[in-house]
$ cat my_file_34.txt   # compact mmCIF, C-alpha atoms
# COMPACT_ATOMS: atom_id res chain seq x y z
CA MET G 1169 34.64 -0.17 0.15
CA LYS G 1170 33.26 1.48 -3.00
CA PHE G 1171 35.65 4.41 -2.57
CA LEU G 1172 38.58 2.00 -2.30
CA THR G 1173 37.45 0.15 -5.41
CA ALA G 1174 36.98 3.41 -7.33
CA LEU G 1175 40.45 4.50 -6.29
CA LYS G 1176 42.00 1.21 -7.33
CA THR G 1177 40.17 1.36 -10.66
CA ALA G 1178 41.41 4.90 -11.28
CA LEU G 1179 44.96 3.75 -10.50
CA GLY G 1180 44.58 0.70 -12.74
CA LEU G 1181 44.92 -1.71 -9.82
CA ALA G 1182 43.05 -5.01 -9.98
CA PRO G 1183 40.25 -5.61 -7.44
CA GLY G 1184 40.63 -8.31 -4.81
CA CYS G 1185 38.10 -11.01 -3.89
CA GLU G 1186 36.41 -8.90 -1.21
CA GLU G 1187 35.82 -6.03 -3.62
CA VAL G 1188 34.59 -8.40 -6.31
CA ASN G 1189 32.09 -9.79 -3.81
CA GLU G 1190 30.76 -6.35 -2.87
CA PHE G 1191 29.99 -5.61 -6.50
CA LEU G 1192 28.81 -9.08 -7.41
CA ALA G 1193 25.15 -8.09 -7.75
CA ASP G 1194 26.04 -5.31 -10.18
CA TYR G 1195 28.42 -7.63 -12.03
CA VAL G 1196 25.80 -10.38 -12.38
CA GLU G 1197 23.27 -7.83 -13.68
CA GLY G 1198 25.79 -6.29 -16.07
CA THR G 1199 25.47 -2.81 -14.62
CA LEU G 1200 29.13 -2.24 -13.76
CA GLU G 1201 30.97 0.52 -15.58
CA GLU G 1202 32.95 -0.74 -18.56
CA LYS G 1203 36.38 -0.21 -17.05
CA THR G 1204 35.40 -1.82 -13.75
CA MET G 1205 33.74 -4.71 -15.58
CA ALA G 1206 36.96 -5.40 -17.50
CA GLN G 1207 38.96 -5.51 -14.27
CA PHE G 1208 36.47 -7.77 -12.58
CA GLU G 1209 36.45 -10.17 -15.50
CA GLU G 1210 40.22 -10.21 -15.42
CA HIS G 1211 40.02 -11.21 -11.73
CA MET G 1212 37.40 -13.88 -12.51
CA ASP G 1213 39.71 -15.35 -15.15
CA MET G 1214 42.33 -15.95 -12.47
CA CYS G 1215 40.46 -16.60 -9.23
CA LYS G 1216 39.02 -20.05 -8.49
CA CYS G 1217 37.41 -18.88 -5.24
CA CYS G 1218 35.47 -16.07 -6.90
CA ASN G 1219 34.39 -18.34 -9.72
CA HIS G 1220 33.01 -20.91 -7.31
CA TYR G 1221 31.31 -18.23 -5.24
CA MET G 1222 29.80 -16.53 -8.27
CA ASP G 1223 28.48 -19.88 -9.49
CA GLN G 1224 26.78 -20.38 -6.12
CA TYR G 1225 25.46 -16.81 -6.13
CA ARG G 1226 23.98 -17.16 -9.62
CA ARG G 1227 22.45 -20.54 -8.80
CA THR G 1228 20.90 -19.07 -5.65
CA ILE G 1229 19.25 -16.34 -7.70
CA ASP G 1230 18.07 -18.87 -10.30
CA MET G 1231 16.59 -21.11 -7.62
CA THR G 1232 14.82 -18.14 -6.04
CA LYS G 1233 13.29 -17.29 -9.40
CA GLU G 1234 11.95 -20.86 -9.58
CA ALA G 1235 9.73 -20.10 -6.58
CA GLU G 1236 6.50 -21.97 -6.16
CA GLU G 1237 3.65 -20.51 -8.17
CA VAL G 1238 1.04 -18.78 -6.06
CA VAL G 1239 -2.47 -20.03 -6.68
CA ILE G 1240 -4.75 -17.02 -6.95
CA PRO G 1241 -8.00 -17.69 -5.03
CA THR G 1242 -11.07 -17.82 -7.20
CA GLU G 1243 -13.13 -14.63 -7.29
CA LEU G 1244 -10.38 -12.75 -5.48
CA ALA G 1245 -11.32 -9.40 -6.97
CA GLU G 1246 -15.04 -10.03 -6.45
CA HIS G 1247 -14.52 -10.78 -2.75
CA THR G 1248 -12.48 -7.62 -2.40
CA LEU G 1249 -15.16 -5.55 -4.09
CA SER G 1250 -17.83 -7.09 -1.82
CA PHE G 1251 -15.70 -6.17 1.20
CA LEU G 1252 -15.43 -2.58 -0.02
CA ARG G 1253 -19.19 -2.38 -0.54
CA GLU G 1254 -19.83 -3.82 2.94
CA ASN G 1255 -17.55 -1.13 4.33
CA LYS G 1256 -19.53 1.48 2.46
CA VAL G 1257 -16.62 2.50 0.27
CA PHE G 1258 -18.85 2.28 -2.77
CA SER G 1259 -22.25 3.87 -2.64
CA GLN G 1260 -23.84 1.90 -5.49
CA ASP G 1261 -25.47 -1.46 -5.08
CA GLU G 1262 -23.59 -4.16 -6.99
CA ASN G 1263 -26.87 -5.17 -8.63
CA ALA G 1264 -27.74 -1.66 -9.73
CA PRO G 1265 -27.86 -1.14 -13.53
CA MET D 1418 9.21 -24.60 -19.53
CA LYS D 1419 8.01 -22.84 -16.44
CA PRO D 1420 5.74 -19.91 -17.33
CA SER D 1421 7.15 -16.46 -16.78
CA LYS D 1422 6.30 -14.94 -13.45
CA LYS D 1423 5.85 -11.63 -15.20
CA ALA D 1424 2.53 -12.83 -16.64
CA ASN D 1425 -0.24 -10.92 -14.93
CA SER D 1426 -3.55 -12.70 -15.00
CA ALA D 1427 -5.22 -9.31 -15.35
CA GLY D 1428 -3.40 -8.76 -18.66
CA PRO D 1429 0.10 -7.69 -19.69
CA GLY D 1430 -0.61 -3.96 -19.47
CA ALA D 1431 1.99 -1.24 -19.53
CA ILE D 1432 2.04 1.87 -17.46
CA PRO D 1433 3.11 4.94 -19.44
CA ASP D 1434 5.01 7.73 -17.78
CA SER D 1435 1.95 9.94 -17.81
CA GLY D 1436 0.63 8.04 -14.80
CA ASP D 1437 -2.48 6.78 -16.55
CA MET D 1438 -2.87 3.10 -16.00
CA VAL D 1439 -3.51 0.69 -18.82
CA THR D 1440 -5.27 -2.61 -18.79
CA SER D 1441 -6.14 -5.04 -21.56
CA THR D 1442 -9.71 -5.98 -22.26
CA ALA D 1443 -10.65 -9.46 -23.42
CA ASP D 1444 -10.67 -8.52 -27.09
CA GLY D 1445 -7.17 -7.10 -26.92
CA ALA D 1446 -8.14 -3.42 -27.01
CA GLU D 1447 -6.51 -1.29 -24.40
CA GLU D 1448 -8.41 0.88 -22.00
CA ALA D 1449 -6.83 3.36 -19.66
CA ILE D 1450 -7.93 3.75 -16.06
CA SER D 1451 -7.88 7.51 -15.66
CA LEU D 1452 -5.73 8.67 -12.79
CA GLU D 1453 -7.82 11.80 -12.64
CA ALA D 1454 -10.98 9.71 -12.24
CA LEU D 1455 -9.37 7.64 -9.49
CA MET D 1456 -8.29 10.70 -7.58
CA ALA D 1457 -11.73 12.23 -7.99
CA GLY D 1458 -13.17 9.19 -6.21
CA ASP D 1459 -14.72 7.60 -9.30
CA GLU D 1460 -15.98 4.23 -8.05
CA SER D 1461 -16.01 2.58 -11.45
CA ALA D 1462 -12.37 3.52 -12.00
CA PHE D 1463 -11.46 2.16 -8.57
CA GLU D 1464 -13.27 -1.09 -9.27
CA GLN D 1465 -11.17 -1.46 -12.42
CA LEU D 1466 -8.06 -0.90 -10.31
CA VAL D 1467 -9.14 -3.65 -7.90
CA VAL D 1468 -9.73 -6.10 -10.77
CA GLN D 1469 -6.45 -5.23 -12.46
CA GLU D 1470 -4.12 -5.30 -9.46
CA SER D 1471 -5.64 -7.90 -7.10
CA PRO D 1472 -3.85 -10.98 -8.50
CA ARG D 1473 -0.33 -9.61 -8.48
CA LEU D 1474 -0.71 -7.68 -5.22
CA PHE D 1475 -2.14 -10.79 -3.56
CA ARG D 1476 0.87 -12.76 -4.79
CA VAL D 1477 3.29 -10.28 -3.21
CA ILE D 1478 1.38 -10.19 0.08
CA VAL D 1479 1.00 -13.94 0.40
CA ARG D 1480 4.71 -14.45 -0.23
CA ILE D 1481 5.40 -12.13 2.72
CA VAL D 1482 2.85 -13.47 5.22
CA GLY D 1483 2.69 -17.08 4.05
CA ASP D 1484 -1.04 -17.54 4.63
CA ASP D 1485 -3.80 -17.26 2.00
CA ASP D 1486 -6.60 -16.14 4.32
CA GLU D 1487 -4.46 -13.52 5.98
CA ALA D 1488 -3.24 -12.31 2.61
CA GLN D 1489 -6.82 -11.85 1.40
CA SER D 1490 -7.67 -9.82 4.50
CA ILE D 1491 -4.61 -7.66 3.99
CA LEU D 1492 -5.46 -7.22 0.31
CA GLN D 1493 -8.93 -5.99 1.21
CA GLU D 1494 -7.56 -3.62 3.83
CA THR D 1495 -5.01 -2.36 1.29
CA PHE D 1496 -7.67 -1.30 -1.19
CA LEU D 1497 -9.80 0.16 1.58
CA GLN D 1498 -6.93 2.33 2.76
CA ALA D 1499 -5.98 3.23 -0.81
CA TYR D 1500 -9.50 4.46 -1.54
CA GLN D 1501 -9.68 6.42 1.70
CA ARG D 1502 -6.25 7.94 1.18
CA MET D 1503 -6.40 8.52 -2.58
CA ASN D 1504 -6.28 12.29 -2.07
CA THR D 1505 -2.85 11.88 -0.41
CA PHE D 1506 -1.26 10.33 -3.52
CA ARG D 1507 1.31 12.85 -4.66
CA ARG D 1508 2.24 11.43 -8.09
CA GLU D 1509 5.88 11.14 -7.05
CA SER D 1510 5.69 7.52 -8.14
CA LYS D 1511 3.35 5.34 -10.18
CA LEU D 1512 0.00 4.77 -8.51
CA THR D 1513 0.67 1.03 -8.42
CA THR D 1514 3.93 1.63 -6.55
CA TRP D 1515 2.03 3.66 -3.97
CA LEU D 1516 -0.67 0.99 -3.73
CA TYR D 1517 1.84 -1.83 -3.32
CA ALA D 1518 3.68 0.17 -0.63
CA ILE D 1519 0.44 0.22 1.40
CA GLY D 1520 -0.02 -3.52 0.97
CA ILE D 1521 3.59 -4.35 1.83
CA ASN D 1522 3.50 -2.20 4.97
CA LEU D 1523 0.30 -3.92 6.11
CA ALA D 1524 1.80 -7.34 5.40
CA ARG D 1525 4.92 -6.55 7.37
CA ALA D 1526 2.91 -5.14 10.25
CA SER D 1527 0.87 -8.32 10.31
CA LEU D 1528 4.04 -10.40 10.52
CA ARG D 1529 5.30 -8.38 13.45
CA LYS D 1530 1.95 -8.43 15.23
CA SER D 1531 1.51 -12.17 14.94
CA ARG D 1532 5.10 -12.61 16.09
CA ARG D 1533 5.75 -14.93 13.18
CA LEU D 1534 9.33 -13.82 13.23
CA SER D 1535 12.12 -15.24 11.16
CA SER D 1536 14.56 -17.58 12.78
CA LEU D 1537 17.52 -15.41 11.79
CA GLU D 1538 18.52 -12.09 13.31
CA ASP D 1539 20.05 -9.29 11.25
CA GLN D 1540 23.46 -9.91 12.83
CA GLU D 1541 23.29 -13.56 11.76
CA VAL D 1542 22.70 -12.52 8.17
CA GLU D 1543 25.88 -10.46 8.37
CA ARG D 1544 27.80 -13.41 9.80
CA MET D 1545 26.57 -15.60 6.93
CA GLN D 1546 28.36 -13.45 4.40
CA PRO D 1547 31.70 -14.79 3.14
CA ALA D 1548 34.72 -14.01 5.30
CA PHE D 1549 37.80 -12.32 3.90
CA ASN D 1550 41.31 -11.78 5.16
CA ARG D 1551 43.47 -9.18 3.43
CA GLY D 1552 40.88 -9.08 0.68
CA MET D 1553 40.98 -12.83 -0.04
CA PHE D 1554 38.48 -15.55 0.79
CA VAL D 1555 39.29 -17.18 4.14
CA GLU D 1556 37.76 -20.43 2.92
CA THR D 1557 37.59 -21.61 -0.67
CA PRO D 1558 33.89 -21.82 -1.59
CA ALA D 1559 32.76 -25.35 -2.34
CA ILE D 1560 31.73 -26.53 -5.79
CA TRP D 1561 27.99 -26.99 -6.04
CA ASP D 1562 26.81 -30.20 -7.64
CA PRO D 1563 23.49 -29.84 -9.49
CA ALA D 1564 23.04 -33.60 -9.18
CA ARG D 1565 22.60 -33.25 -5.39
CA VAL D 1566 19.07 -31.83 -5.69
CA THR D 1567 17.56 -32.79 -9.01
CA GLU D 1568 13.85 -32.66 -8.21
CA PHE D 1569 12.40 -29.26 -9.06
CA SER D 1570 9.98 -29.45 -6.13
CA ASP D 1571 12.80 -30.23 -3.72
CA ARG D 1572 14.71 -27.16 -4.88
CA GLN D 1573 11.60 -25.03 -4.48
CA GLN D 1574 11.10 -26.32 -0.95
CA LEU D 1575 14.72 -25.61 0.00
CA VAL D 1576 14.47 -22.05 -1.25
CA ARG D 1577 11.09 -21.49 0.38
CA LYS D 1578 12.40 -22.64 3.75
CA GLY D 1579 15.46 -20.47 3.32
CA ILE D 1580 13.46 -17.37 2.51
CA GLU D 1581 11.14 -18.00 5.46
CA GLN D 1582 14.15 -17.84 7.75
CA LEU D 1583 15.32 -14.43 6.52
CA PRO D 1584 14.60 -11.35 8.61
CA GLU D 1585 11.69 -9.33 7.29
CA ASP D 1586 13.73 -6.58 5.60
CA TYR D 1587 15.81 -9.08 3.65
CA LYS D 1588 12.89 -11.36 2.85
CA THR D 1589 10.89 -8.49 1.35
CA VAL D 1590 13.61 -7.36 -1.06
CA VAL D 1591 14.18 -10.93 -2.27
CA ILE D 1592 10.46 -11.35 -2.89
CA LEU D 1593 10.09 -8.05 -4.73
CA ARG D 1594 13.35 -8.10 -6.68
CA ASP D 1595 14.20 -11.72 -7.44
CA MET D 1596 10.75 -13.30 -7.36
CA GLU D 1597 8.45 -10.55 -8.59
CA GLU D 1598 11.20 -8.91 -10.69
CA TYR D 1599 10.44 -5.30 -9.86
CA SER D 1600 13.27 -2.93 -10.66
CA THR D 1601 15.59 -1.73 -7.91
CA ASP D 1602 14.11 1.76 -8.12
CA GLU D 1603 10.54 0.47 -7.85
CA VAL D 1604 11.43 -1.67 -4.84
CA ALA D 1605 13.11 1.34 -3.25
CA ARG D 1606 9.96 3.43 -3.68
CA MET D 1607 7.70 0.66 -2.37
CA LEU D 1608 9.82 0.24 0.73
CA GLY D 1609 10.62 3.91 1.26
CA ILE D 1610 14.38 3.33 1.19
CA SER D 1611 17.18 4.29 -1.18
CA SER D 1612 18.14 2.22 -4.22
CA GLY D 1613 21.53 1.74 -2.63
CA ALA D 1614 19.91 0.26 0.47
CA VAL D 1615 17.89 -2.13 -1.73
CA ARG D 1616 21.08 -3.29 -3.46
CA VAL D 1617 22.88 -3.86 -0.16
CA ARG D 1618 19.97 -5.74 1.44
CA LEU D 1619 19.47 -7.86 -1.67
CA HIS D 1620 23.14 -8.77 -1.83
CA ARG D 1621 23.19 -9.70 1.87
CA ALA D 1622 19.94 -11.68 1.51
CA ARG D 1623 21.34 -13.64 -1.44
CA GLY D 1624 24.53 -14.29 0.52
CA ALA D 1625 22.52 -15.64 3.46
CA LEU D 1626 20.35 -17.80 1.20
CA ARG D 1627 23.47 -19.15 -0.46
CA LYS D 1628 24.79 -20.12 2.95
CA LEU D 1629 21.54 -21.89 3.82
CA LEU D 1630 21.52 -23.79 0.53
CA ASP D 1631 25.19 -24.68 0.62
CA PRO D 1632 25.00 -27.86 2.78
CA HIS D 1633 22.39 -29.29 0.39
CA MET D 1634 24.12 -28.30 -2.80
CA ARG D 1635 27.83 -28.80 -2.28
CA ARG D 1636 29.54 -31.66 -4.00
CA LEU D 1637 29.96 -34.58 -1.62
CA PRO D 1638 33.48 -35.89 -1.04
CA LYS D 1639 34.30 -39.08 -2.89
CA SER D 1640 34.12 -42.06 -0.59

$ encode --input "my_file_34.txt" --output "structure tokens"
Amino acid sequence: MKFLTALKTALGLAPGCEEVNEFLADYVEGTLEEKTMAQFEEHMDMCKCCNHYMDQYRRTIDMTKEAEEVVIPTELAEHTLSFLRENKVFSQDENAP
Amino acid sequence: MKPSKKANSAGPGAIPDSGDMVTSTADGAEEAISLEALMAGDESAFEQLVVQESPRLFRVIVRIVGDDDEAQSILQETFLQAYQRMNTFRRESKLTTWLYAIGINLARASLRKSRRLSSLEDQEVERMQPAFNRGMFVETPAIWDPARVTEFSDRQQLVRKGIEQLPEDYKTVVILRDMEEYSTDEVARMLGISSGAVRVRLHRARGALRKLLDPHMRRLPKS
């Protein structure tokens, strides 16, 4: 698919919906090459389907980034250090000066 | 405004290319954890590493396994293995990347062992991608109506349930890339796969999640 897109770009041919979809992640992140980006934006200007799909794709990413906060257990590091001492990873006593 | 997920309760910290790790002390001064000291088995340096990385590593692990107690056990085992295997760290990546790779592998092994498998198979994820005919969408994607799910907590629950259904490989990249916001290259190193493979899995995972969210988000027909 990427070879076909590269070939079409080199020939100045516009990408179709399937090619736009394959590169959507790069497009959303702005990491497409300049020439390819211009062609994709030209397709987006004309294609209702791709616009709807991209809207859904972006919203999916945004909703994922809104994930529930993880509550960090209290004394997490201390419990881990105690575990390591119990398993004789550390030689010193935690109360040693 | 929701606080940034990039905030690390152990301090903002930045890891220079030299491989030395940096943490912030309470008064704002920066103190480096010496990589040399860690690799020499310096216990004090390793304790600093535990304090610095426990919150964020726990967050990654608990998102994978979905259980606080299990995540704590895995976190402890991660640091135990890291200490025991410190002499095998080859400096081909940042130490934190290596550490997180140990934790992620243990978390994934725990998922497989407890048979808490996702409800979707890999082939189903592929079938959930949009269908094309002669390069064009077979079906016009629906318009999503933000008014369908307005409660923030409802949206979070929808996404959480969707992510829980993803197969392990897809779930992990979504957690690391979209939730924890690691770079593609860092995710690739943590998972031991290529950056290209990360991009493909992430794209497929997002496509599958979109499909799962679609029935709840699409604009309802006018009655």

$ closest_atom_pairs --input "my_file_34.txt" --of "chain D" --to "chain G" --cutoff "6 Å" --atoms "all atoms listed in the file" --output "tab-separated table"
residue	atom	partner	partner_atom	distance
D:Val1468	CA	G:Ala1245	CA	5.3
D:Ser1471	CA	G:Ala1245	CA	5.9
D:Gln1493	CA	G:Thr1248	CA	5.3
D:Gly1552	CA	G:Glu1186	CA	4.9
D:Met1553	CA	G:Cys1185	CA	5.1
D:Thr1557	CA	G:Cys1217	CA	5.3
D:Pro1558	CA	G:Tyr1221	CA	5.7
D:Ile1560	CA	G:His1220	CA	6.0
D:Gln1573	CA	G:Ala1235	CA	5.7
D:Asp1595	CA	G:Lys1233	CA	6.0
D:Met1596	CA	G:Lys1233	CA	5.2
D:Arg1627	CA	G:Thr1228	CA	5.8

$ closest_residue --input "my_file_34.txt" --among "D:Ala1457, D:Ala1488, D:Leu1497, D:Val1590" --to "Val1617 of chain D" --atoms "all atoms listed in the file"
D:Val1590

$ atom_distance --input "my_file_34.txt" --atom1 "atom CA of Asn1504 of chain D" --atom2 "atom CA of Ser1451 of chain D"
14.5 Å

$ closest_residue --input "my_file_34.txt" --among "D:Glu1568, D:Asp1631, D:Asp1539, D:Glu1603" --to "Asp1586 of chain D" --atoms "only C-alpha atoms"
D:Asp1539

$ closest_residue --input "my_file_34.txt" --among "D:Arg1594, D:Gly1520, D:Glu1556, D:Arg1507" --to "Leu1474 of chain D" --atoms "all atoms listed in the file"
D:Gly1520

$ atom_distance --input "my_file_34.txt" --atom1 "atom CA of Ser1536 of chain D" --atom2 "atom CA of Ala1614 of chain D"
22.3 Å

$ atom_distance --input "my_file_34.txt" --atom1 "atom CA of Asn1522 of chain D" --atom2 "atom CA of Leu1608 of chain D"
8.0 Å

$ residues_around --input "my_file_34.txt" --residues "Phe1506 of chain D" --least-positions-apart "6" --cutoff "9 Å" --atoms "all atoms listed in the file" --output "tab-separated table (two decimals) with C-alpha atoms, keeping the file's coordinate frame"
chain	number	residue	atom	x	y	z
D	1456	MET	CA	-8.29	10.70	-7.58
D	1499	ALA	CA	-5.98	3.23	-0.81
D	1512	LEU	CA	0.00	4.77	-8.51
D	1515	TRP	CA	2.03	3.66	-3.97

$ residues_around --input "my_file_34.txt" --residues "Lys1588 of chain D" --least-positions-apart "5" --cutoff "12 Å" --atoms "all atoms listed in the file" --output "PyMOL selection string"
(chain G and resi 1232) or (chain D and resi 1477-1478+1480-1483+1521+1525+1528+1534-1539+1542+1576-1583+1593-1596+1615+1618-1623+1625-1626)

$ closest_residue --input "my_file_34.txt" --among "D:Gly1624, D:Pro1472, D:Gly1613, D:Pro1563" --to "Glu1543 of chain D" --atoms "only C-alpha atoms"
D:Gly1624

$ closest_residue --input "my_file_34.txt" --among "D:Tyr1500, D:Leu1492, D:Phe1549, D:Arg1508" --to "Ser1527 of chain D" --atoms "all atoms listed in the file"
D:Leu1492

$ closest_residue --input "my_file_34.txt" --among "D:Ile1519, D:Ile1592, D:Met1545, D:Leu1630" --to "Asp1571 of chain D" --atoms "only C-alpha atoms"
D:Leu1630
